[in-house]
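For reference, coords.tsv (TSV, C-alpha atoms):
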chain	number	residue	atom	x	y	z
J	1	MET	CA	-47.68	-31.24	69.56
J	2	ALA	CA	-44.08	-30.82	70.66
J	3	SER	CA	-40.57	-30.40	69.39
J	4	LEU	CA	-37.78	-32.95	69.91
J	5	THR	CA	-34.23	-32.01	70.93
J	6	ILE	CA	-31.34	-34.49	71.18
J	7	ARG	CA	-28.00	-33.32	72.56
J	8	ASN	CA	-24.74	-35.27	72.40
J	9	LEU	CA	-26.55	-38.59	72.75
J	10	ARG	CA	-24.40	-41.67	73.24
J	11	LYS	CA	-25.27	-45.35	73.63
J	12	SER	CA	-22.91	-48.20	74.44
J	13	PHE	CA	-23.54	-51.91	74.77
J	14	GLY	CA	-20.55	-53.01	76.81
J	15	VAL	CA	-17.43	-51.81	75.01
J	16	VAL	CA	-19.32	-51.29	71.72
J	17	GLU	CA	-20.36	-47.67	71.17
J	18	VAL	CA	-23.48	-47.70	68.97
J	19	LEU	CA	-24.28	-43.97	69.03
J	20	LYS	CA	-21.39	-41.50	69.12
J	21	GLY	CA	-22.63	-38.07	70.14
J	22	VAL	CA	-25.82	-37.51	68.12
J	23	ASP	CA	-27.29	-33.99	67.93
J	24	LEU	CA	-30.72	-33.52	66.31
J	25	GLU	CA	-33.62	-31.13	66.58
J	26	ALA	CA	-37.13	-31.58	65.17
J	27	ASN	CA	-39.34	-28.52	65.17
J	28	THR	CA	-43.00	-28.79	66.11
J	29	GLY	CA	-44.92	-30.48	63.28
J	30	GLU	CA	-41.80	-31.49	61.35
J	31	PHE	CA	-41.34	-34.87	59.64
J	32	ILE	CA	-37.77	-36.12	60.25
J	33	ALA	CA	-36.44	-39.26	58.55
J	34	LEU	CA	-33.55	-41.20	60.08
J	35	VAL	CA	-31.94	-43.07	57.20
J	36	GLY	CA	-28.87	-45.24	56.84
J	37	PRO	CA	-27.67	-48.80	56.27
J	38	SER	CA	-28.35	-51.66	58.67
J	39	GLY	CA	-26.34	-51.29	61.88
J	40	CYS	CA	-25.90	-47.51	61.64
J	41	GLY	CA	-27.78	-46.89	64.92
J	42	LYS	CA	-31.04	-45.40	63.63
J	43	SER	CA	-33.37	-47.93	65.31
J	44	THR	CA	-31.40	-47.69	68.56
J	45	LEU	CA	-31.83	-43.90	68.43
J	46	LEU	CA	-35.58	-44.29	67.92
J	47	ALA	CA	-35.80	-46.77	70.81
J	48	MET	CA	-34.01	-44.27	73.08
J	49	ILE	CA	-36.46	-41.51	72.10
J	50	ALA	CA	-39.30	-43.93	72.94
J	51	GLY	CA	-37.72	-44.90	76.25
J	52	LEU	CA	-37.25	-48.53	75.23
J	53	GLU	CA	-33.45	-48.19	75.56
J	54	THR	CA	-31.57	-46.38	78.31
J	55	VAL	CA	-29.31	-43.39	77.63
J	56	THR	CA	-25.58	-43.87	78.26
J	57	SER	CA	-25.00	-40.11	78.14
J	58	GLY	CA	-26.55	-37.04	76.59
J	59	GLU	CA	-30.06	-35.54	76.75
J	60	ILE	CA	-33.45	-36.08	75.09
J	61	TYR	CA	-36.08	-33.34	75.35
J	62	ILE	CA	-39.70	-33.67	74.19
J	63	GLY	CA	-40.89	-30.09	74.16
J	64	ASP	CA	-39.06	-28.48	77.06
J	65	ARG	CA	-39.15	-31.64	79.24
J	66	LEU	CA	-36.04	-33.75	79.79
J	67	VAL	CA	-37.25	-37.35	79.35
J	68	ASN	CA	-34.08	-39.42	79.91
J	69	SER	CA	-35.56	-41.08	83.00
J	70	VAL	CA	-39.27	-40.84	82.06
J	71	GLN	CA	-41.10	-44.13	81.48
J	72	PRO	CA	-42.29	-44.79	77.87
J	73	LYS	CA	-45.98	-44.57	78.88
J	74	ASP	CA	-45.41	-41.08	80.31
J	75	ARG	CA	-43.53	-39.58	77.33
J	76	ASP	CA	-46.68	-38.71	75.32
J	77	ILE	CA	-45.50	-40.63	72.27
J	78	ALA	CA	-47.02	-43.26	69.97
J	79	MET	CA	-44.96	-45.80	68.05
J	80	VAL	CA	-45.73	-47.76	64.87
J	81	PHE	CA	-43.61	-50.90	64.53
J	82	GLN	CA	-42.28	-52.77	61.50
J	83	SER	CA	-44.14	-55.93	62.59
J	84	TYR	CA	-47.48	-54.08	63.27
J	85	ALA	CA	-47.53	-55.55	66.86
J	86	LEU	CA	-51.31	-56.07	66.83
J	87	TYR	CA	-53.05	-58.41	69.26
J	88	PRO	CA	-54.15	-61.36	67.08
J	89	THR	CA	-57.10	-62.40	69.27
J	90	MET	CA	-58.64	-58.91	69.32
J	91	THR	CA	-60.69	-57.23	66.61
J	92	VAL	CA	-59.43	-54.08	64.91
J	93	LYS	CA	-61.70	-51.99	67.11
J	94	GLU	CA	-60.48	-53.74	70.27
J	95	ASN	CA	-56.85	-53.22	69.22
J	96	MET	CA	-57.49	-49.51	68.77
J	97	ALA	CA	-59.40	-49.22	72.05
J	98	PHE	CA	-56.90	-51.17	74.18
J	99	GLY	CA	-54.63	-48.26	75.04
J	100	MET	CA	-57.55	-45.94	75.81
J	101	GLU	CA	-59.10	-48.54	78.13
J	102	SER	CA	-55.77	-48.89	79.96
J	103	ARG	CA	-55.76	-45.13	80.53
J	104	GLY	CA	-59.38	-45.11	81.74
J	105	VAL	CA	-60.83	-43.13	78.81
J	106	PRO	CA	-64.66	-43.15	79.02
J	107	LYS	CA	-66.45	-45.52	76.60
J	108	ALA	CA	-68.30	-42.72	74.81
J	109	GLU	CA	-65.04	-40.89	74.12
J	110	GLN	CA	-63.43	-44.15	72.94
J	111	GLU	CA	-66.24	-44.73	70.43
J	112	LYS	CA	-66.02	-41.16	69.12
J	113	THR	CA	-62.21	-41.30	68.76
J	114	ILE	CA	-62.20	-44.71	67.03
J	115	ALA	CA	-64.89	-43.55	64.57
J	116	ARG	CA	-62.90	-40.42	63.73
J	117	VAL	CA	-59.58	-42.24	63.23
J	118	ALA	CA	-61.18	-45.15	61.33
J	119	ALA	CA	-62.73	-42.66	58.90
J	120	LEU	CA	-59.40	-40.83	58.54
J	121	LEU	CA	-57.59	-44.08	57.64
J	122	GLN	CA	-60.53	-45.60	55.73
J	123	ILE	CA	-60.62	-48.74	57.88
J	124	GLU	CA	-64.28	-48.57	58.99
J	125	PRO	CA	-65.19	-51.81	57.10
J	126	PHE	CA	-62.54	-53.75	59.05
J	127	LEU	CA	-63.41	-52.76	62.63
J	128	LYS	CA	-64.99	-56.14	63.45
J	129	ARG	CA	-62.26	-58.21	61.77
J	130	LYS	CA	-59.18	-59.67	63.43
J	131	PRO	CA	-55.63	-58.91	62.16
J	132	GLY	CA	-55.31	-62.37	60.55
J	133	GLN	CA	-58.19	-61.47	58.21
J	134	LEU	CA	-56.44	-58.35	56.89
J	135	SER	CA	-53.80	-57.71	54.24
J	136	GLY	CA	-50.40	-56.27	55.14
J	137	GLY	CA	-51.43	-52.77	54.10
J	138	GLN	CA	-54.67	-52.96	56.08
J	139	ARG	CA	-52.80	-54.17	59.18
J	140	GLN	CA	-50.37	-51.28	58.85
J	141	ARG	CA	-53.28	-48.84	58.73
J	142	VAL	CA	-54.68	-50.41	61.90
J	143	ALA	CA	-51.29	-50.05	63.59
J	144	MET	CA	-51.28	-46.37	62.61
J	145	GLY	CA	-54.86	-46.05	63.85
J	146	ARG	CA	-53.93	-47.49	67.24
J	147	ALA	CA	-51.19	-44.82	67.46
J	148	LEU	CA	-53.48	-42.00	66.30
J	149	VAL	CA	-56.21	-42.60	68.89
J	150	ARG	CA	-53.68	-41.64	71.57
J	151	ASP	CA	-53.32	-38.12	70.06
J	152	PRO	CA	-49.65	-37.99	71.18
J	153	ALA	CA	-47.18	-35.13	71.02
J	154	LEU	CA	-44.74	-37.23	68.99
J	155	PHE	CA	-45.13	-40.05	66.45
J	156	LEU	CA	-42.36	-42.63	66.01
J	157	PHE	CA	-42.27	-44.97	62.98
J	158	ASP	CA	-39.81	-47.89	62.90
J	159	GLU	CA	-39.48	-49.06	59.25
J	160	PRO	CA	-43.27	-49.46	58.97
J	161	LEU	CA	-43.31	-50.35	55.25
J	162	SER	CA	-40.43	-52.80	54.98
J	163	ASN	CA	-42.70	-55.88	55.16
J	164	LEU	CA	-44.92	-54.74	52.28
J	165	ASP	CA	-44.57	-55.51	48.56
J	166	ALA	CA	-43.24	-52.80	46.22
J	167	LYS	CA	-46.60	-51.44	44.96
J	168	LEU	CA	-48.22	-51.45	48.38
J	169	ARG	CA	-45.16	-49.72	49.81
J	170	VAL	CA	-45.63	-46.86	47.34
J	171	ASP	CA	-49.36	-46.64	48.15
J	172	MET	CA	-48.75	-46.62	51.91
J	173	ARG	CA	-46.00	-44.03	51.53
J	174	THR	CA	-48.57	-41.73	49.94
J	175	GLU	CA	-51.04	-42.48	52.75
J	176	ILE	CA	-48.48	-41.61	55.43
J	177	LYS	CA	-47.67	-38.32	53.68
J	178	LYS	CA	-51.38	-37.44	53.45
J	179	LEU	CA	-51.84	-38.38	57.10
J	180	HIS	CA	-49.01	-36.11	58.23
J	181	GLN	CA	-50.38	-33.24	56.14
J	182	ARG	CA	-53.78	-33.68	57.82
J	183	ILE	CA	-52.69	-34.00	61.45
J	184	GLY	CA	-49.39	-32.05	61.40
J	185	LYS	CA	-47.82	-34.01	64.27
J	186	THR	CA	-44.07	-34.07	64.90
J	187	THR	CA	-42.89	-37.35	63.37
J	188	ILE	CA	-39.62	-39.31	63.54
J	189	TYR	CA	-39.47	-41.97	60.83
J	190	VAL	CA	-36.76	-44.65	60.63
J	191	THR	CA	-36.07	-46.28	57.26
J	192	HIS	CA	-33.24	-47.84	55.27
J	193	ASP	CA	-35.05	-46.85	52.05
J	194	GLN	CA	-33.67	-43.53	50.79
J	195	VAL	CA	-36.69	-43.06	48.46
J	196	GLU	CA	-39.02	-43.12	51.49
J	197	ALA	CA	-36.80	-40.58	53.23
J	198	MET	CA	-36.67	-38.26	50.19
J	199	THR	CA	-40.41	-38.34	49.51
J	200	LEU	CA	-41.73	-38.12	53.07
J	201	ALA	CA	-39.38	-35.99	55.14
J	202	SER	CA	-39.06	-32.25	55.61
J	203	ARG	CA	-35.49	-32.97	56.80
J	204	ILE	CA	-33.31	-36.09	56.63
J	205	ALA	CA	-30.65	-37.28	59.07
J	206	VAL	CA	-28.27	-39.60	57.21
J	207	MET	CA	-26.54	-41.91	59.70
J	208	HIS	CA	-23.45	-44.09	59.40
J	209	GLN	CA	-21.57	-45.99	62.13
J	210	GLY	CA	-23.43	-44.26	64.95
J	211	GLU	CA	-22.95	-40.70	63.70
J	212	VAL	CA	-25.11	-38.23	61.79
J	213	GLN	CA	-23.28	-37.56	58.52
J	214	GLN	CA	-25.69	-34.86	57.32
J	215	PHE	CA	-28.94	-33.32	58.61
J	216	ALA	CA	-30.68	-31.19	56.01
J	217	ASP	CA	-33.67	-30.92	53.69
J	218	PRO	CA	-33.99	-33.58	50.93
J	219	ASP	CA	-32.84	-31.25	48.13
J	220	THR	CA	-29.63	-30.34	49.97
J	221	VAL	CA	-28.88	-33.94	50.95
J	222	TYR	CA	-29.30	-35.09	47.35
J	223	ASN	CA	-27.66	-32.23	45.45
J	224	ARG	CA	-25.05	-31.02	47.97
J	225	PRO	CA	-24.15	-34.15	49.97
J	226	ALA	CA	-21.81	-33.50	52.89
J	227	ASN	CA	-19.45	-36.33	52.00
J	228	ILE	CA	-18.89	-39.34	49.77
J	229	PHE	CA	-20.91	-41.64	52.04
J	230	VAL	CA	-24.03	-39.47	51.82
J	231	ALA	CA	-23.54	-38.98	48.07
J	232	GLY	CA	-23.26	-42.73	47.51
J	233	PHE	CA	-26.09	-43.72	49.84
J	234	MET	CA	-28.72	-41.25	48.62
J	235	GLY	CA	-29.87	-41.90	45.07
J	236	SER	CA	-30.52	-45.02	43.00
J	237	PRO	CA	-28.40	-45.63	41.04
J	238	SER	CA	-25.97	-43.84	43.31
J	239	MET	CA	-23.63	-40.99	42.37
J	240	ASN	CA	-20.65	-41.88	40.17
J	241	PHE	CA	-17.18	-41.17	41.59
J	242	ILE	CA	-14.14	-40.51	39.36
J	243	ASP	CA	-10.56	-39.86	40.45
J	244	ALA	CA	-9.55	-36.58	38.80
J	245	GLU	CA	-7.21	-33.61	38.95
J	246	ILE	CA	-7.87	-29.87	38.86
J	247	THR	CA	-6.02	-28.09	36.06
J	248	SER	CA	-6.40	-24.95	33.98
J	249	SER	CA	-7.94	-25.07	30.51
J	250	GLY	CA	-7.67	-21.85	28.51
J	251	GLY	CA	-7.10	-19.91	31.72
J	252	ALA	CA	-10.24	-21.35	33.37
J	253	PRO	CA	-10.28	-24.14	36.01
J	254	ALA	CA	-11.20	-27.62	34.78
J	255	VAL	CA	-11.19	-31.17	36.10
J	256	ASN	CA	-9.26	-33.79	34.11
J	257	PHE	CA	-9.27	-37.60	34.06
J	258	PRO	CA	-7.97	-40.16	31.53
J	259	LEU	CA	-10.24	-41.71	28.88
J	260	SER	CA	-10.46	-45.40	27.93
J	261	GLY	CA	-9.06	-45.07	24.42
J	262	GLY	CA	-6.26	-42.72	25.44
J	263	GLY	CA	-6.41	-38.99	25.83
J	264	VAL	CA	-7.89	-36.93	28.64
J	265	ALA	CA	-11.35	-35.53	29.37
J	266	SER	CA	-11.23	-31.90	30.48
J	267	LEU	CA	-14.49	-30.66	32.04
J	268	PRO	CA	-14.78	-26.99	33.09
J	269	LEU	CA	-15.59	-26.14	36.71
J	270	HIS	CA	-18.07	-23.53	37.93
J	271	ASN	CA	-19.15	-21.66	41.07
J	272	GLY	CA	-15.59	-21.11	42.34
J	273	VAL	CA	-15.33	-24.72	43.52
J	274	ALA	CA	-11.70	-24.99	42.35
J	275	ASP	CA	-10.70	-22.14	44.69
J	276	ARG	CA	-11.91	-24.14	47.70
J	277	ALA	CA	-9.88	-27.26	46.89
J	278	GLN	CA	-6.89	-27.86	49.18
J	279	SER	CA	-5.20	-30.13	46.63
J	280	LYS	CA	-5.13	-30.67	42.88
J	281	LYS	CA	-6.29	-34.27	43.39
J	282	VAL	CA	-10.09	-34.53	43.77
J	283	ILE	CA	-12.93	-37.02	43.41
J	284	LEU	CA	-15.51	-35.90	40.87
J	285	GLY	CA	-19.10	-36.87	41.66
J	286	ILE	CA	-21.70	-36.99	38.88
J	287	ARG	CA	-25.27	-38.27	39.27
J	288	PRO	CA	-26.52	-40.62	36.48
J	289	GLU	CA	-29.24	-38.18	35.39
J	290	HIS	CA	-26.66	-35.43	34.79
J	291	LEU	CA	-25.26	-37.31	31.80
J	292	SER	CA	-27.14	-36.91	28.52
J	293	ARG	CA	-26.55	-37.50	24.82
J	294	GLN	CA	-25.03	-34.52	23.01
J	295	SER	CA	-27.70	-32.66	21.03
J	296	ALA	CA	-28.41	-29.24	19.57
J	297	SER	CA	-30.18	-28.31	22.83
J	298	ASN	CA	-27.21	-28.98	25.13
J	299	SER	CA	-24.07	-28.62	22.97
J	300	GLY	CA	-22.49	-25.31	23.88
J	301	LYS	CA	-25.04	-24.71	26.64
J	302	GLN	CA	-23.66	-22.78	29.61
J	303	GLY	CA	-22.35	-25.19	32.26
J	304	PHE	CA	-22.39	-28.28	30.03
J	305	ALA	CA	-19.14	-30.04	29.04
J	306	THR	CA	-18.80	-32.52	26.18
J	307	MET	CA	-16.90	-35.78	25.91
J	308	SER	CA	-17.33	-39.32	24.55
J	309	ALA	CA	-17.38	-42.68	26.33
J	310	PRO	CA	-17.84	-46.30	25.17
J	311	VAL	CA	-21.11	-48.01	26.16
J	312	GLU	CA	-20.64	-51.42	27.81
J	313	VAL	CA	-24.14	-52.39	29.00
J	314	VAL	CA	-27.63	-51.05	28.21
J	315	GLU	CA	-30.57	-51.72	30.57
J	316	PRO	CA	-34.02	-50.51	29.34
J	317	THR	CA	-36.55	-50.08	32.16
J	318	GLY	CA	-39.45	-48.63	30.13
J	319	ALA	CA	-39.64	-45.03	31.34
J	320	GLU	CA	-35.85	-44.65	31.14
J	321	THR	CA	-32.72	-46.49	30.03
J	322	MET	CA	-29.72	-47.16	32.23
J	323	ALA	CA	-26.31	-47.58	30.64
J	324	VAL	CA	-22.88	-48.53	31.94
J	325	LEU	CA	-20.19	-46.33	30.35
J	326	LYS	CA	-16.40	-46.54	30.56
J	327	PHE	CA	-14.65	-43.44	31.91
J	328	GLY	CA	-10.97	-44.42	31.80
J	329	ASP	CA	-10.64	-47.45	34.08
J	330	ARG	CA	-13.88	-46.61	35.91
J	331	GLU	CA	-17.42	-47.80	35.07
J	332	VAL	CA	-20.03	-45.04	35.27
J	333	VAL	CA	-23.83	-45.35	35.19
J	334	GLY	CA	-25.93	-42.97	33.12
J	335	ARG	CA	-29.72	-42.51	33.15
J	336	PHE	CA	-31.17	-41.59	29.75
J	337	SER	CA	-34.60	-41.00	28.27
J	338	PRO	CA	-35.67	-43.70	25.78
J	339	ASP	CA	-35.36	-41.35	22.78
J	340	GLU	CA	-31.65	-40.79	23.50
J	341	ALA	CA	-30.90	-44.34	24.65
J	342	PRO	CA	-27.36	-45.54	23.80
J	343	ARG	CA	-26.47	-48.73	21.94
J	344	THR	CA	-24.11	-51.32	23.35
J	345	GLY	CA	-20.63	-50.82	21.87
J	346	GLU	CA	-21.13	-47.27	20.58
J	347	ASP	CA	-18.79	-44.45	21.53
J	348	MET	CA	-21.50	-42.21	22.94
J	349	PRO	CA	-21.16	-38.43	22.65
J	350	LEU	CA	-22.05	-37.04	26.08
J	351	ALA	CA	-23.06	-33.72	27.57
J	352	VAL	CA	-22.15	-33.49	31.28
J	353	ASP	CA	-24.04	-30.97	33.43
J	354	MET	CA	-21.10	-29.57	35.41
J	355	THR	CA	-23.31	-27.10	37.28
J	356	ARG	CA	-24.63	-30.14	39.21
J	357	ALA	CA	-21.29	-31.92	39.64
J	358	CYS	CA	-19.70	-32.30	43.10
J	359	LEU	CA	-16.03	-32.36	44.09
J	360	PHE	CA	-14.83	-34.27	47.14
J	361	ASP	CA	-11.53	-34.13	49.01
J	362	PRO	CA	-9.84	-37.55	48.67
J	363	ALA	CA	-8.23	-37.21	52.13
J	364	THR	CA	-11.35	-36.30	54.16
J	365	THR	CA	-14.06	-37.52	51.67
J	366	ARG	CA	-15.93	-34.28	52.45
J	367	LEU	CA	-17.60	-32.04	49.87
J	368	ILE	CA	-15.36	-29.23	48.63
As structure tokens, the full file:
Amino acid sequence: MASLTIRNLRKSFGVVEVLKGVDLEANTGEFIALVGPSGCGKSTLLAMIAGLETVTSGEIYIGDRLVNSVQPKDRDIAMVFQSYALYPTMTVKENMAFGMESRGVPKAEQEKTIARVAALLQIEPFLKRKPGQLSGGQRQRVAMGRALVRDPALFLFDEPLSNLDAKLRVDMRTEIKKLHQRIGKTTIYVTHDQVEAMTLASRIAVMHQGEVQQFADPDTVYNRPANIFVAGFMGSPSMNFIDAEITSSGGAPAVNFPLSGGGVASLPLHNGVADRAQSKKVILGIRPEHLSRQSASNSGKQGFATMSAPVEVVEPTGAETMAVLKFGDREVVGRFSPDEAPRTGEDMPLAVDMTRACLFDPATTRLI
């Protein structure tokens, strides 16, 4: 196993700069997810780690070895592609053995390694089949098996689940997590799916327009996002953003914004956040699950503020109910349990968990 260190990495295609000074470090055995929208540079970054793209400037270290000019085959990595990249005319066993044969691994060792990896991934029944006879999930396991038989220092995954249906994607996500727990290899995993990133990674690098916006553990990225982009990208439905102003209510700091039917909502602030604000104008960020119906259990509870908002749309999903509420001229999404589900048209009494709220600077979009 090995660590991965990336220092001030840049990549340009002609005059277009795709990566703009990326710094990342993955400790030995860590699972790092690179997440972001299409075109943010995450797949280009992975290709540069693999040696499939050249470095414009900056440094890539695998362990303590600078690999900028090292050929892909000599980097001690294994890569699992989105498209599986299996040889269609070879059996599963032949696909797994191909790389070992190229490196001159003795037949007896090949057989032993394939048997071990096939048992680990539960693909023993498919060893004599060809890829065309397998389902998408089975082919993805074979692709992982072909990577595992190499026993590399570093695993690279390039959106490996994006071609699978929703249920199979969840199942394979669990399999990948179990696999990493068993083998403990340093893993870099590219995805546009923030749920995959949150559930699999020990740390997440959120990328946008060729830059890392935040690099932290999943809890920090979700609950203390570095800026409005990260806050809006991570979470489904995403965080709600409301233009507001910091004022004083009864001598204590509060955040105010206008309500739909006239009047003003005044929600108290906590944790000294108001003292860090450079301006009275702020953007209030509230996650959908931090809105709940007022009840005896939350009314008057420390850190909870109360207000009312009209309900415009209700969307039951079974385990929970989504609702679109009107906060002044802004639509806000709330996530409620079925027993407190709102009704379309009602003026819903709300409890807002202000201990979980975020404030952003309108000028810089960064977290206050």
Which one of J:Ala363, J:Met348, J:Leu134, J:Leu154 sits closest to J:Ile188 if you count only C-alpha atoms? J:Leu154
Would you compute the distance between atom CA of J:Ala305 and atom CA of J:Ser266? Give it in Å to one decimal.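 Separation of atom CA of J:Ala305 and atom CA of J:Ser266: 8.3 Å.
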Would you compute, for all listed atoms of stretch 44-63 of chain J, the axis-aligned bounding box grown by 5 Å on each side, and then report its centre and edge lengths in Å rounded to one decimal, as JSON?
{"center_x": -32.9, "center_y": -39.3, "center_z": 73.1, "size_x": 25.9, "size_y": 28.4, "size_z": 20.4}
Compile the contact shell of J:Gly132 as a ChimeraX atom specification: residues with an atom at most 12 Å away, counting only C-alpha atoms, same-chain residues fewer than 5 positions apart removed. /J:84,86-92,126,138-139
Out of J:Thr355, J:Ser202, J:Ser102, J:Ser12, which residue has the shortest atom-to-atom distance to J:Tyr189 when counting only C-alpha atoms?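 So, comparing all the options, the nearest one is J:Ser202.
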Residue contacts of stretch 177-179 of chain J (10 Å, only C-alpha atoms) excluding same-chain residues fewer than 4 positions away, as a VMD selection string: chain J and resid 31 120 to 121 144 172 to 173 183 to 185 199 to 201
Tell me, in Å to one decimal, how far atom CA of J:Val22 is from atom CA of J:Glu211.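 Atom-to-atom, atom CA of J:Val22 to atom CA of J:Glu211, that is 6.2 Å.
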Which residues, written as a PDB file with C-alpha atoms, keeping the file's coordinate frame, have at least one atom at most 8 Å from J:Asn8, with only C-alpha atoms counted and residues fewer than 2 positions away on the same chain left out?
ATOM      1  CA  ILE J   6     -31.340 -34.490  71.180  1.00  0.00           C
ATOM      2  CA  ARG J  10     -24.400 -41.670  73.240  1.00  0.00           C
ATOM      3  CA  LYS J  20     -21.390 -41.500  69.120  1.00  0.00           C
ATOM      4  CA  GLY J  21     -22.630 -38.070  70.140  1.00  0.00           C
ATOM      5  CA  VAL J  22     -25.820 -37.510  68.120  1.00  0.00           C
ATOM      6  CA  ASP J  23     -27.290 -33.990  67.930  1.00  0.00           C
ATOM      7  CA  SER J  57     -25.000 -40.110  78.140  1.00  0.00           C
ATOM      8  CA  GLY J  58     -26.550 -37.040  76.590  1.00  0.00           C
ATOM      9  CA  GLU J  59     -30.060 -35.540  76.750  1.00  0.00           C
TER      10      GLU J  59
END
Skipping near chain neighbours, those fewer than 5 positions away, what residues fall within 10 Å of J:Leu161 using only C-alpha atoms, listed as an mmCIF file with C-alpha atoms, in the frame of the given file?
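Okay, this is what ended up in part-v1.cif:
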data_model
loop_
_atom_site.group_PDB
_atom_site.id
_atom_site.type_symbol
_atom_site.label_atom_id
_atom_site.label_comp_id
_atom_site.auth_asym_id
_atom_site.auth_seq_id
_atom_site.Cartn_x
_atom_site.Cartn_y
_atom_site.Cartn_z
ATOM 1 C CA PHE J 81 -43.610 -50.900 64.530
ATOM 2 C CA GLN J 82 -42.280 -52.770 61.500
ATOM 3 C CA SER J 83 -44.140 -55.930 62.590
ATOM 4 C CA TYR J 84 -47.480 -54.080 63.270
ATOM 5 C CA GLY J 136 -50.400 -56.270 55.140
ATOM 6 C CA GLY J 137 -51.430 -52.770 54.100
ATOM 7 C CA GLN J 140 -50.370 -51.280 58.850
ATOM 8 C CA ALA J 166 -43.240 -52.800 46.220
ATOM 9 C CA LEU J 168 -48.220 -51.450 48.380
ATOM 10 C CA ARG J 169 -45.160 -49.720 49.810
ATOM 11 C CA VAL J 170 -45.630 -46.860 47.340
ATOM 12 C CA MET J 172 -48.750 -46.620 51.910
ATOM 13 C CA ARG J 173 -46.000 -44.030 51.530
ATOM 14 C CA THR J 191 -36.070 -46.280 57.260
ATOM 15 C CA ASP J 193 -35.050 -46.850 52.050
ATOM 16 C CA GLU J 196 -39.020 -43.120 51.490
#
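Distance-wise, atom CA of J:Leu4 and atom CA of J:Gly63 end up 6.0 Å apart.
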Show me, as a CSV table (one decimal) with C-alpha atoms, in the frame of the given file, the residues that have an atom within 12 Å of stretch 273-286 of chain J when counting all atoms listed in the file, minus same-chain residues fewer than 5 positions from it.
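The resulting file, out_0.csv, is shown below:
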chain,number,residue,atom,x,y,z
J,222,TYR,CA,-29.3,-35.1,47.4
J,223,ASN,CA,-27.7,-32.2,45.4
J,224,ARG,CA,-25.0,-31.0,48.0
J,225,PRO,CA,-24.2,-34.2,50.0
J,227,ASN,CA,-19.4,-36.3,52.0
J,228,ILE,CA,-18.9,-39.3,49.8
J,229,PHE,CA,-20.9,-41.6,52.0
J,230,VAL,CA,-24.0,-39.5,51.8
J,231,ALA,CA,-23.5,-39.0,48.1
J,232,GLY,CA,-23.3,-42.7,47.5
J,235,GLY,CA,-29.9,-41.9,45.1
J,237,PRO,CA,-28.4,-45.6,41.0
J,238,SER,CA,-26.0,-43.8,43.3
J,239,MET,CA,-23.6,-41.0,42.4
J,240,ASN,CA,-20.6,-41.9,40.2
J,241,PHE,CA,-17.2,-41.2,41.6
J,242,ILE,CA,-14.1,-40.5,39.4
J,243,ASP,CA,-10.6,-39.9,40.4
J,244,ALA,CA,-9.6,-36.6,38.8
J,245,GLU,CA,-7.2,-33.6,39.0
J,246,ILE,CA,-7.9,-29.9,38.9
J,247,THR,CA,-6.0,-28.1,36.1
J,248,SER,CA,-6.4,-25.0,34.0
J,252,ALA,CA,-10.2,-21.4,33.4
J,253,PRO,CA,-10.3,-24.1,36.0
J,254,ALA,CA,-11.2,-27.6,34.8
J,255,VAL,CA,-11.2,-31.2,36.1
J,256,ASN,CA,-9.3,-33.8,34.1
J,257,PHE,CA,-9.3,-37.6,34.1
J,266,SER,CA,-11.2,-31.9,30.5
J,267,LEU,CA,-14.5,-30.7,32.0
J,268,PRO,CA,-14.8,-27.0,33.1
J,291,LEU,CA,-25.3,-37.3,31.8
J,292,SER,CA,-27.1,-36.9,28.5
J,327,PHE,CA,-14.6,-43.4,31.9
J,330,ARG,CA,-13.9,-46.6,35.9
J,332,VAL,CA,-20.0,-45.0,35.3
J,333,VAL,CA,-23.8,-45.4,35.2
J,334,GLY,CA,-25.9,-43.0,33.1
J,335,ARG,CA,-29.7,-42.5,33.2
J,351,ALA,CA,-23.1,-33.7,27.6
J,352,VAL,CA,-22.2,-33.5,31.3
J,353,ASP,CA,-24.0,-31.0,33.4
J,354,MET,CA,-21.1,-29.6,35.4
J,355,THR,CA,-23.3,-27.1,37.3
J,356,ARG,CA,-24.6,-30.1,39.2
J,357,ALA,CA,-21.3,-31.9,39.6
J,358,CYS,CA,-19.7,-32.3,43.1
J,359,LEU,CA,-16.0,-32.4,44.1
J,360,PHE,CA,-14.8,-34.3,47.1
J,361,ASP,CA,-11.5,-34.1,49.0
J,362,PRO,CA,-9.8,-37.6,48.7
J,363,ALA,CA,-8.2,-37.2,52.1
J,364,THR,CA,-11.4,-36.3,54.2
J,365,THR,CA,-14.1,-37.5,51.7
J,366,ARG,CA,-15.9,-34.3,52.4
J,367,LEU,CA,-17.6,-32.0,49.9
J,368,ILE,CA,-15.4,-29.2,48.6
Residues proximal to (-14.4, -36.8, 29.2) were defined as those with any atom within 7 Å of that point in the file's coordinates, counting only C-alpha atoms. Which are they, as a list in words?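 Residues with an atom at most 7 Å from (-14.4, -36.8, 29.2): Leu259, Val264, Ala265, Ser266, Leu267, Thr306, Met307 and Ser308 of chain J.
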Convert the current residue selection to file output with C-alpha atoms, as a PDB file, in the coordinates of the input.
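Below is the file selection15.pdb, written as the result:
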ATOM      1  CA  LEU J 259     -10.240 -41.710  28.880  1.00  0.00           C
ATOM      2  CA  VAL J 264      -7.890 -36.930  28.640  1.00  0.00           C
ATOM      3  CA  ALA J 265     -11.350 -35.530  29.370  1.00  0.00           C
ATOM      4  CA  SER J 266     -11.230 -31.900  30.480  1.00  0.00           C
ATOM      5  CA  LEU J 267     -14.490 -30.660  32.040  1.00  0.00           C
ATOM      6  CA  THR J 306     -18.800 -32.520  26.180  1.00  0.00           C
ATOM      7  CA  MET J 307     -16.900 -35.780  25.910  1.00  0.00           C
ATOM      8  CA  SER J 308     -17.330 -39.320  24.550  1.00  0.00           C
TER       9      SER J 308
END
